[in-house]
Amino acid sequence: MTLSRFGALAGALIAISSPALAHVTFENGQAAPNSTYKATLRIPHGCDGKPTLKVRVRIPEGIVAVKPMPKAGWKLEATKGAYVRAYQVQGEAVSEGVTDIIWTGSLDDGHYDEFVFQARFTDAYQPGATVFFPVVQECDGAVEEWTQVPATGEDPHNLKSPAPGVKIAAAQGAAPTPMKAGSLTLEQPWSRATPGGAKVGGGYLRITNTGTAPDRLTGGSFPLASKVEVHEMKLEGDVMRMKPVEDGLEIKPGATVELKPGGLHLMFLDLKEPLKEGQTLKGTLTFEKAGPVEVEYTVRGMGGAAPAEHKH
């Protein structure tokens with residue numbers, strides 16, 4: 001791979017492996033319905049070069065049991081108020097709670113930091129819904145308001161100052177059935193949404209070989225890409241490097257190989273259009289012994305994580 005092509009692909013992979021760093025986002029943009037969620041809010045920069053002095057988060061109606069995490073060097077305030085209606089939490093009716101969280105301190109424009117709180121999504125939000133948390137950064141004489149909420153059908157990535165959102169995933173019991181191909185078992189292929197103009201995307205899944213002979217993943221096809229390759233990312237010294245896996249990826253007998261962000265993964269090259277959250281796209285994976293196998297990728301948000309039942 002030429003240095004120029006490597007640089008372009010590496011830069012694009014960074015873009016698809018993490019949320020767009022220009023915006024305030026959540027580390028994990030997905031939560032299970034009716035569950036407790038750890039919100040890690042990423043603040044990537046200040047306001048026009050000025051340090052961030054205050055971070056305000058508005059808690060939407062239907063989000064309860066909010067517990068902000070204190071942060072060293074920052075003053076923490078939590079405003080409480082009444083909810084529009086009462087919500088059931090562990091058999092008890094809850095009618096009031098935290099409505100706003102404020103951290104006050106100082107974060108240089110050239111630095112990055114995270115602000116954490118815990119919250120519970122109630123039955124007010126069903127699978128498929130996206131919950132937006134308006135965030136305001138106050139700086140020295142300047143303000144960044146991440147408060148825009150997309151209209152129905154509008155792509156939030158097209159907004160100038162989108163509020164960070166969390167999508168409610170399907171219940172764990174609704175997970176797709178693992179696919180069988182000879183001695184191989186393929187589980188939950190997925191991808192991440194890509195920024196506009198991105199030319200590469202990433203594909204992830206788990207592959208288990210239950211047979212007595214090795215097999216090898218050599219490539220595949222994807223409807224929006226001209227080519228599918230198996231790539232790996234490795235930390236060499238202080239530099240993260242990416243390169244194709246020569247001769248394909250071996251799946252040894254009895255072994256499970258997980259393709260995931262930051263490690264082994266599929267690379268979708270020369271995308272015809274961006275991958276959008278909520279899409280399901282059919283493609284194929286090609287194995288040395290099992291042959292071509294049809295798979296269906298679920299596209300998660302830019303900050304999406306692997307399906308919950310396979311997190312480590």
# chains A, B, ... in the order shown; residues from 1 in each chain; ligands from 1
call {"tool": "select_by_dssp", "arguments": {"residues": "region 60-163 of chain A", "states": "strand (DSSP E)", "output": "PyMOL selection string"}}
result
chain A and resi 63-68+75-89+92-107+113-121+130-132+135-139+143-146
call {"tool": "residues_around", "arguments": {"residues": "Met267 (chain A)", "least_positions_apart": "2", "cutoff": "9 Å", "atoms": "only C-alpha atoms", "output": "JSON, numbers by chain"}}
result
{"A": [13, 200, 201, 202, 203, 227, 228, 229, 230, 231, 244, 265, 269]}
call {"tool": "residues_around", "arguments": {"residues": "Asp140 (chain A)", "least_positions_apart": "3", "cutoff": "12 Å", "atoms": "only C-alpha atoms", "output": "VMD selection string"}}
result
chain A and resid 46 to 54 105 to 109 137 143 to 144
call {"tool": "write_last_selection", "arguments": {"atoms": "all heavy atoms", "output": "short mmCIF file (atom, residue, chain, number, x, y, z; two decimals), in the first residue's frame"}}
result
data_model
loop_
_atom_site.label_atom_id
_atom_site.label_comp_id
_atom_site.auth_asym_id
_atom_site.auth_seq_id
_atom_site.Cartn_x
_atom_site.Cartn_y
_atom_site.Cartn_z
N GLY A 46 -12.78 23.95 22.64
CA GLY A 46 -13.42 25.08 23.30
C GLY A 46 -14.30 25.86 22.33
O GLY A 46 -14.87 25.31 21.39
N CYS A 47 -14.41 27.18 22.56
CA CYS A 47 -15.25 28.05 21.72
C CYS A 47 -14.34 29.02 20.98
O CYS A 47 -13.81 29.95 21.59
CB CYS A 47 -16.25 28.82 22.57
SG CYS A 47 -17.11 27.86 23.84
N ASP A 48 -14.14 28.78 19.70
CA ASP A 48 -13.32 29.68 18.88
C ASP A 48 -11.96 29.94 19.51
O ASP A 48 -11.49 31.08 19.58
CB ASP A 48 -14.04 31.01 18.65
CG ASP A 48 -15.33 30.84 17.86
OD1 ASP A 48 -15.35 29.97 16.97
OD2 ASP A 48 -16.30 31.56 18.14
N GLY A 49 -11.34 28.86 19.99
CA GLY A 49 -10.00 29.00 20.56
C GLY A 49 -9.96 29.33 22.03
O GLY A 49 -8.89 29.35 22.64
N LYS A 50 -11.12 29.57 22.64
CA LYS A 50 -11.17 29.95 24.05
C LYS A 50 -11.48 28.72 24.91
O LYS A 50 -12.20 27.83 24.48
CB LYS A 50 -12.22 31.03 24.27
CG LYS A 50 -11.92 32.32 23.52
CD LYS A 50 -12.99 33.37 23.75
CE LYS A 50 -12.66 34.65 23.00
NZ LYS A 50 -13.70 35.70 23.22
N PRO A 51 -10.94 28.67 26.13
CA PRO A 51 -11.16 27.50 26.98
C PRO A 51 -12.61 27.37 27.44
O PRO A 51 -13.31 28.37 27.61
CB PRO A 51 -10.23 27.75 28.18
CG PRO A 51 -10.03 29.23 28.21
CD PRO A 51 -10.06 29.67 26.78
N THR A 52 -13.05 26.13 27.62
CA THR A 52 -14.38 25.85 28.14
C THR A 52 -14.37 26.05 29.65
O THR A 52 -13.55 25.45 30.36
CB THR A 52 -14.79 24.41 27.81
OG1 THR A 52 -14.82 24.25 26.38
CG2 THR A 52 -16.17 24.08 28.38
N LEU A 53 -15.30 26.86 30.15
CA LEU A 53 -15.38 27.13 31.59
C LEU A 53 -16.59 26.47 32.25
O LEU A 53 -16.61 26.31 33.46
CB LEU A 53 -15.43 28.65 31.83
CG LEU A 53 -14.29 29.47 31.22
CD1 LEU A 53 -14.48 30.95 31.53
CD2 LEU A 53 -12.94 28.99 31.75
N LYS A 54 -17.56 26.11 31.44
CA LYS A 54 -18.78 25.51 32.01
C LYS A 54 -19.41 24.59 30.96
O LYS A 54 -19.47 24.92 29.78
CB LYS A 54 -19.76 26.60 32.42
CG LYS A 54 -20.95 26.12 33.24
CD LYS A 54 -21.75 27.30 33.79
CE LYS A 54 -20.98 28.01 34.90
NZ LYS A 54 -21.82 29.03 35.59
N GLY A 105 -15.40 24.68 35.56
CA GLY A 105 -13.96 24.53 35.74
C GLY A 105 -13.23 25.20 34.60
O GLY A 105 -13.63 26.28 34.17
N SER A 106 -12.21 24.55 34.05
CA SER A 106 -11.49 25.10 32.90
C SER A 106 -10.88 23.97 32.07
O SER A 106 -10.20 23.10 32.61
CB SER A 106 -10.40 26.07 33.35
OG SER A 106 -9.75 26.65 32.23
N LEU A 107 -11.16 24.01 30.76
CA LEU A 107 -10.62 23.04 29.81
C LEU A 107 -10.06 23.81 28.63
O LEU A 107 -10.80 24.47 27.89
CB LEU A 107 -11.71 22.07 29.35
CG LEU A 107 -11.31 21.06 28.27
CD1 LEU A 107 -10.20 20.13 28.78
CD2 LEU A 107 -12.52 20.24 27.83
N ASP A 108 -8.75 23.74 28.44
CA ASP A 108 -8.09 24.46 27.36
C ASP A 108 -8.63 24.03 26.00
O ASP A 108 -8.98 22.85 25.80
CB ASP A 108 -6.58 24.22 27.43
CG ASP A 108 -5.82 25.11 26.46
OD1 ASP A 108 -5.50 26.26 26.82
OD2 ASP A 108 -5.54 24.64 25.34
N ASP A 109 -8.69 24.95 25.06
CA ASP A 109 -9.21 24.65 23.72
C ASP A 109 -8.45 23.52 23.04
O ASP A 109 -9.02 22.74 22.29
CB ASP A 109 -9.14 25.91 22.85
CG ASP A 109 -9.58 25.64 21.42
OD1 ASP A 109 -10.75 25.28 21.22
OD2 ASP A 109 -8.74 25.78 20.51
N GLN A 137 -21.78 24.75 25.96
CA GLN A 137 -20.44 25.05 26.45
C GLN A 137 -20.33 26.56 26.65
O GLN A 137 -20.56 27.33 25.71
CB GLN A 137 -19.38 24.66 25.41
CG GLN A 137 -19.01 23.21 25.35
CD GLN A 137 -17.99 22.98 24.24
OE1 GLN A 137 -18.38 22.62 23.14
NE2 GLN A 137 -16.72 23.19 24.52
N VAL A 143 -19.92 31.23 23.50
CA VAL A 143 -20.79 30.09 23.84
C VAL A 143 -20.92 29.17 22.63
O VAL A 143 -21.03 29.63 21.48
CB VAL A 143 -22.19 30.58 24.28
CG1 VAL A 143 -23.12 29.39 24.52
CG2 VAL A 143 -22.10 31.43 25.53
N GLU A 144 -20.88 27.86 22.87
CA GLU A 144 -21.20 26.86 21.85
C GLU A 144 -22.46 26.14 22.32
O GLU A 144 -22.46 25.51 23.38
CB GLU A 144 -20.05 25.86 21.68
CG GLU A 144 -18.82 26.41 21.00
CD GLU A 144 -18.95 26.39 19.48
OE1 GLU A 144 -20.05 26.10 18.98
OE2 GLU A 144 -17.94 26.69 18.81
#
call {"tool": "residues_around", "arguments": {"residues": "Tyr204 (chain A)", "least_positions_apart": "5", "cutoff": "8 Å", "atoms": "only C-alpha atoms", "output": "number ranges by chain"}}
result
A: 189-191, 258-261, 265-266
call {"tool": "write_last_selection", "arguments": {"atoms": "N, CA and C atoms", "output": "short mmCIF file (atom, residue, chain, number, x, y, z; two decimals), in the first residue's frame"}}
result
data_model
loop_
_atom_site.label_atom_id
_atom_site.label_comp_id
_atom_site.auth_asym_id
_atom_site.auth_seq_id
_atom_site.Cartn_x
_atom_site.Cartn_y
_atom_site.Cartn_z
N PRO A 189 -23.25 -9.24 12.35
CA PRO A 189 -22.46 -8.28 11.58
C PRO A 189 -23.01 -6.86 11.76
N TRP A 190 -22.14 -5.88 11.90
CA TRP A 190 -22.59 -4.50 12.06
C TRP A 190 -21.55 -3.55 11.50
N SER A 191 -21.95 -2.31 11.38
CA SER A 191 -21.05 -1.27 10.88
C SER A 191 -21.38 0.02 11.61
N GLU A 258 -12.94 -12.11 16.75
CA GLU A 258 -13.85 -10.96 16.77
C GLU A 258 -13.26 -9.82 15.95
N LEU A 259 -13.99 -9.40 14.94
CA LEU A 259 -13.61 -8.23 14.15
C LEU A 259 -14.31 -7.03 14.78
N LYS A 260 -13.54 -6.04 15.22
CA LYS A 260 -14.10 -4.93 15.98
C LYS A 260 -13.28 -3.66 15.74
N PRO A 261 -13.85 -2.49 16.09
CA PRO A 261 -13.11 -1.24 15.91
C PRO A 261 -11.79 -1.26 16.69
N HIS A 265 -10.68 -5.93 11.36
CA HIS A 265 -11.96 -5.43 10.88
C HIS A 265 -12.04 -5.59 9.38
N LEU A 266 -13.23 -5.46 8.84
CA LEU A 266 -13.43 -5.40 7.40
C LEU A 266 -13.36 -3.95 6.94
#
call {"tool": "atom_distance", "arguments": {"atom1": "CA of Pro127 (chain A)", "atom2": "CA of Ser95 (chain A)"}}
result
23.2 Å
call {"tool": "atom_distance", "arguments": {"atom1": "CA of Gly128 (chain A)", "atom2": "CA of Ile63 (chain A)"}}
result
16.0 Å
call {"tool": "residues_around", "arguments": {"residues": "region 252-255 of chain A", "least_positions_apart": "6", "cutoff": "10 Å", "atoms": "only C-alpha atoms", "output": "VMD selection string"}}
result
chain A and resid 183 to 184 207 to 216
call {"tool": "closest_residue", "arguments": {"among": "A:Gly263, A:Gln188, A:Pro223, A:Trp103", "to": "Gly73 (chain A)", "atoms": "only C-alpha atoms"}}
result
A:Trp103
call {"tool": "closest_residue", "arguments": {"among": "A:Gly278, A:Pro134, A:Gly153, A:Pro178", "to": "Leu205 (chain A)", "atoms": "only C-alpha atoms"}}
result
A:Pro178
call {"tool": "select_by_dssp", "arguments": {"residues": "region 98-175 of chain A", "states": "helix (DSSP H, G or I)", "output": "list in words"}}
result
Pro156, His157, Asn158, Gln172, Gly173 and Ala174 of chain A
call {"tool": "write_last_selection", "arguments": {"atoms": "all heavy atoms", "output": "mmCIF file, in the first residue's frame"}}
result
data_model
loop_
_atom_site.group_PDB
_atom_site.id
_atom_site.type_symbol
_atom_site.label_atom_id
_atom_site.label_comp_id
_atom_site.auth_asym_id
_atom_site.auth_seq_id
_atom_site.Cartn_x
_atom_site.Cartn_y
_atom_site.Cartn_z
ATOM 1 N N PRO A 156 -29.081 14.067 11.313
ATOM 2 C CA PRO A 156 -28.491 14.976 12.300
ATOM 3 C C PRO A 156 -27.087 15.433 11.925
ATOM 4 O O PRO A 156 -26.628 16.478 12.384
ATOM 5 C CB PRO A 156 -28.491 14.156 13.596
ATOM 6 C CG PRO A 156 -28.586 12.738 13.152
ATOM 7 C CD PRO A 156 -29.387 12.749 11.894
ATOM 8 N N HIS A 157 -26.400 14.657 11.080
ATOM 9 C CA HIS A 157 -25.044 15.029 10.683
ATOM 10 C C HIS A 157 -25.032 16.249 9.772
ATOM 11 O O HIS A 157 -23.984 16.856 9.553
ATOM 12 C CB HIS A 157 -24.359 13.852 9.997
ATOM 13 C CG HIS A 157 -24.332 12.620 10.841
ATOM 14 N ND1 HIS A 157 -24.877 11.416 10.439
ATOM 15 C CD2 HIS A 157 -23.858 12.393 12.093
ATOM 16 C CE1 HIS A 157 -24.735 10.518 11.396
ATOM 17 N NE2 HIS A 157 -24.126 11.081 12.404
ATOM 18 N N ASN A 158 -26.206 16.626 9.243
ATOM 19 C CA ASN A 158 -26.288 17.809 8.391
ATOM 20 C C ASN A 158 -26.502 19.086 9.192
ATOM 21 O O ASN A 158 -26.465 20.180 8.623
ATOM 22 C CB ASN A 158 -27.429 17.654 7.377
ATOM 23 C CG ASN A 158 -27.160 16.542 6.369
ATOM 24 O OD1 ASN A 158 -26.013 16.229 6.074
ATOM 25 N ND2 ASN A 158 -28.217 15.934 5.838
ATOM 26 N N GLN A 172 -32.384 -7.126 23.818
ATOM 27 C CA GLN A 172 -31.383 -8.149 23.554
ATOM 28 C C GLN A 172 -32.001 -9.433 23.003
ATOM 29 O O GLN A 172 -31.411 -10.113 22.182
ATOM 30 C CB GLN A 172 -30.598 -8.465 24.826
ATOM 31 C CG GLN A 172 -29.697 -7.320 25.260
ATOM 32 C CD GLN A 172 -28.807 -7.707 26.411
ATOM 33 O OE1 GLN A 172 -28.761 -8.864 26.837
ATOM 34 N NE2 GLN A 172 -28.095 -6.754 26.951
ATOM 35 N N GLY A 173 -33.184 -9.740 23.434
ATOM 36 C CA GLY A 173 -33.824 -10.960 22.969
ATOM 37 C C GLY A 173 -34.159 -10.942 21.488
ATOM 38 O O GLY A 173 -34.437 -11.966 20.896
ATOM 39 N N ALA A 174 -34.104 -9.736 20.870
ATOM 40 C CA ALA A 174 -34.435 -9.626 19.459
ATOM 41 C C ALA A 174 -33.207 -9.756 18.564
ATOM 42 O O ALA A 174 -33.261 -9.424 17.385
ATOM 43 C CB ALA A 174 -35.126 -8.288 19.198
#
call {"tool": "atom_distance", "arguments": {"atom1": "CA of Glu96 (chain A)", "atom2": "CA of Val64 (chain A)"}}
result
8.1 Å
call {"tool": "residues_around", "arguments": {"residues": "Met242 (chain A)", "least_positions_apart": "5", "cutoff": "7 Å", "atoms": "only C-alpha atoms", "output": "list in words"}}
result
Ala10, His231, Glu232, Met233 and Lys234 of chain A
call {"tool": "closest_residue", "arguments": {"among": "A:Val116, A:Met302, A:Ala78, A:Ala65", "to": "His23 (chain A)", "atoms": "only C-alpha atoms"}}
result
A:Met302
call {"tool": "residues_around", "arguments": {"residues": "Thr130 (chain A)", "least_positions_apart": "6", "cutoff": "10 Å", "atoms": "only C-alpha atoms", "output": "PDB file with all heavy atoms, in the first residue's frame"}}
result
ATOM      1  N   GLY A  29     -23.296   5.795  21.640  1.00  0.00           N
ATOM      2  CA  GLY A  29     -24.524   6.423  21.161  1.00  0.00           C
ATOM      3  C   GLY A  29     -25.718   5.510  21.135  1.00  0.00           C
ATOM      4  O   GLY A  29     -26.665   5.760  20.389  1.00  0.00           O
ATOM      5  N   GLN A  30     -25.695   4.460  21.955  1.00  0.00           N
ATOM      6  CA  GLN A  30     -26.804   3.506  21.949  1.00  0.00           C
ATOM      7  C   GLN A  30     -27.083   3.000  23.359  1.00  0.00           C
ATOM      8  O   GLN A  30     -26.161   2.795  24.140  1.00  0.00           O
ATOM      9  CB  GLN A  30     -26.469   2.342  21.027  1.00  0.00           C
ATOM     10  CG  GLN A  30     -27.595   1.341  20.854  1.00  0.00           C
ATOM     11  CD  GLN A  30     -27.314   0.377  19.726  1.00  0.00           C
ATOM     12  OE1 GLN A  30     -27.509   0.679  18.567  1.00  0.00           O
ATOM     13  NE2 GLN A  30     -26.829  -0.808  20.055  1.00  0.00           N
ATOM     14  N   ALA A  31     -28.358   2.809  23.671  1.00  0.00           N
ATOM     15  CA  ALA A  31     -28.763   2.300  24.983  1.00  0.00           C
ATOM     16  C   ALA A  31     -29.872   1.283  24.810  1.00  0.00           C
ATOM     17  O   ALA A  31     -30.628   1.326  23.835  1.00  0.00           O
ATOM     18  CB  ALA A  31     -29.237   3.442  25.889  1.00  0.00           C
ATOM     19  N   PRO A 164     -26.129  16.056  21.099  1.00  0.00           N
ATOM     20  CA  PRO A 164     -25.715  14.647  21.109  1.00  0.00           C
ATOM     21  C   PRO A 164     -26.911  13.746  21.393  1.00  0.00           C
ATOM     22  O   PRO A 164     -27.754  14.068  22.236  1.00  0.00           O
ATOM     23  CB  PRO A 164     -24.676  14.591  22.227  1.00  0.00           C
ATOM     24  CG  PRO A 164     -24.954  15.788  23.078  1.00  0.00           C
ATOM     25  CD  PRO A 164     -25.489  16.833  22.173  1.00  0.00           C
ATOM     26  N   GLY A 165     -26.981  12.635  20.687  1.00  0.00           N
ATOM     27  CA  GLY A 165     -28.135  11.755  20.819  1.00  0.00           C
ATOM     28  C   GLY A 165     -27.764  10.339  21.209  1.00  0.00           C
ATOM     29  O   GLY A 165     -26.632   9.891  21.000  1.00  0.00           O
ATOM     30  N   VAL A 166     -28.730   9.631  21.769  1.00  0.00           N
ATOM     31  CA  VAL A 166     -28.584   8.226  22.136  1.00  0.00           C
ATOM     32  C   VAL A 166     -29.753   7.472  21.523  1.00  0.00           C
ATOM     33  O   VAL A 166     -30.911   7.810  21.773  1.00  0.00           O
ATOM     34  CB  VAL A 166     -28.583   8.036  23.664  1.00  0.00           C
ATOM     35  CG1 VAL A 166     -28.473   6.552  24.011  1.00  0.00           C
ATOM     36  CG2 VAL A 166     -27.451   8.821  24.307  1.00  0.00           C
ATOM     37  N   LYS A 167     -29.446   6.459  20.713  1.00  0.00           N
ATOM     38  CA  LYS A 167     -30.499   5.679  20.077  1.00  0.00           C
ATOM     39  C   LYS A 167     -30.877   4.491  20.946  1.00  0.00           C
ATOM     40  O   LYS A 167     -30.007   3.814  21.487  1.00  0.00           O
ATOM     41  CB  LYS A 167     -30.043   5.180  18.698  1.00  0.00           C
ATOM     42  CG  LYS A 167     -31.148   4.471  17.928  1.00  0.00           C
ATOM     43  CD  LYS A 167     -30.754   4.184  16.499  1.00  0.00           C
ATOM     44  CE  LYS A 167     -31.898   3.548  15.722  1.00  0.00           C
ATOM     45  NZ  LYS A 167     -31.568   3.323  14.305  1.00  0.00           N
ATOM     46  N   ILE A 168     -32.183   4.245  21.057  1.00  0.00           N
ATOM     47  CA  ILE A 168     -32.674   3.110  21.828  1.00  0.00           C
ATOM     48  C   ILE A 168     -32.625   1.875  20.934  1.00  0.00           C
ATOM     49  O   ILE A 168     -33.275   1.816  19.890  1.00  0.00           O
ATOM     50  CB  ILE A 168     -34.112   3.340  22.334  1.00  0.00           C
ATOM     51  CG1 ILE A 168     -34.201   4.678  23.075  1.00  0.00           C
ATOM     52  CG2 ILE A 168     -34.526   2.189  23.242  1.00  0.00           C
ATOM     53  CD1 ILE A 168     -33.274   4.792  24.259  1.00  0.00           C
ATOM     54  N   ALA A 169     -31.836   0.902  21.347  1.00  0.00           N
ATOM     55  CA  ALA A 169     -31.645  -0.311  20.554  1.00  0.00           C
ATOM     56  C   ALA A 169     -32.780  -1.286  20.792  1.00  0.00           C
ATOM     57  O   ALA A 169     -33.567  -1.154  21.738  1.00  0.00           O
ATOM     58  CB  ALA A 169     -30.316  -0.965  20.902  1.00  0.00           C
TER      59      ALA A 169
END
call {"tool": "closest_residue", "arguments": {"among": "A:Met240, A:Ile101, A:Ala124, A:Ala225", "to": "Leu271 (chain A)", "atoms": "only C-alpha atoms"}}
result
A:Ala225
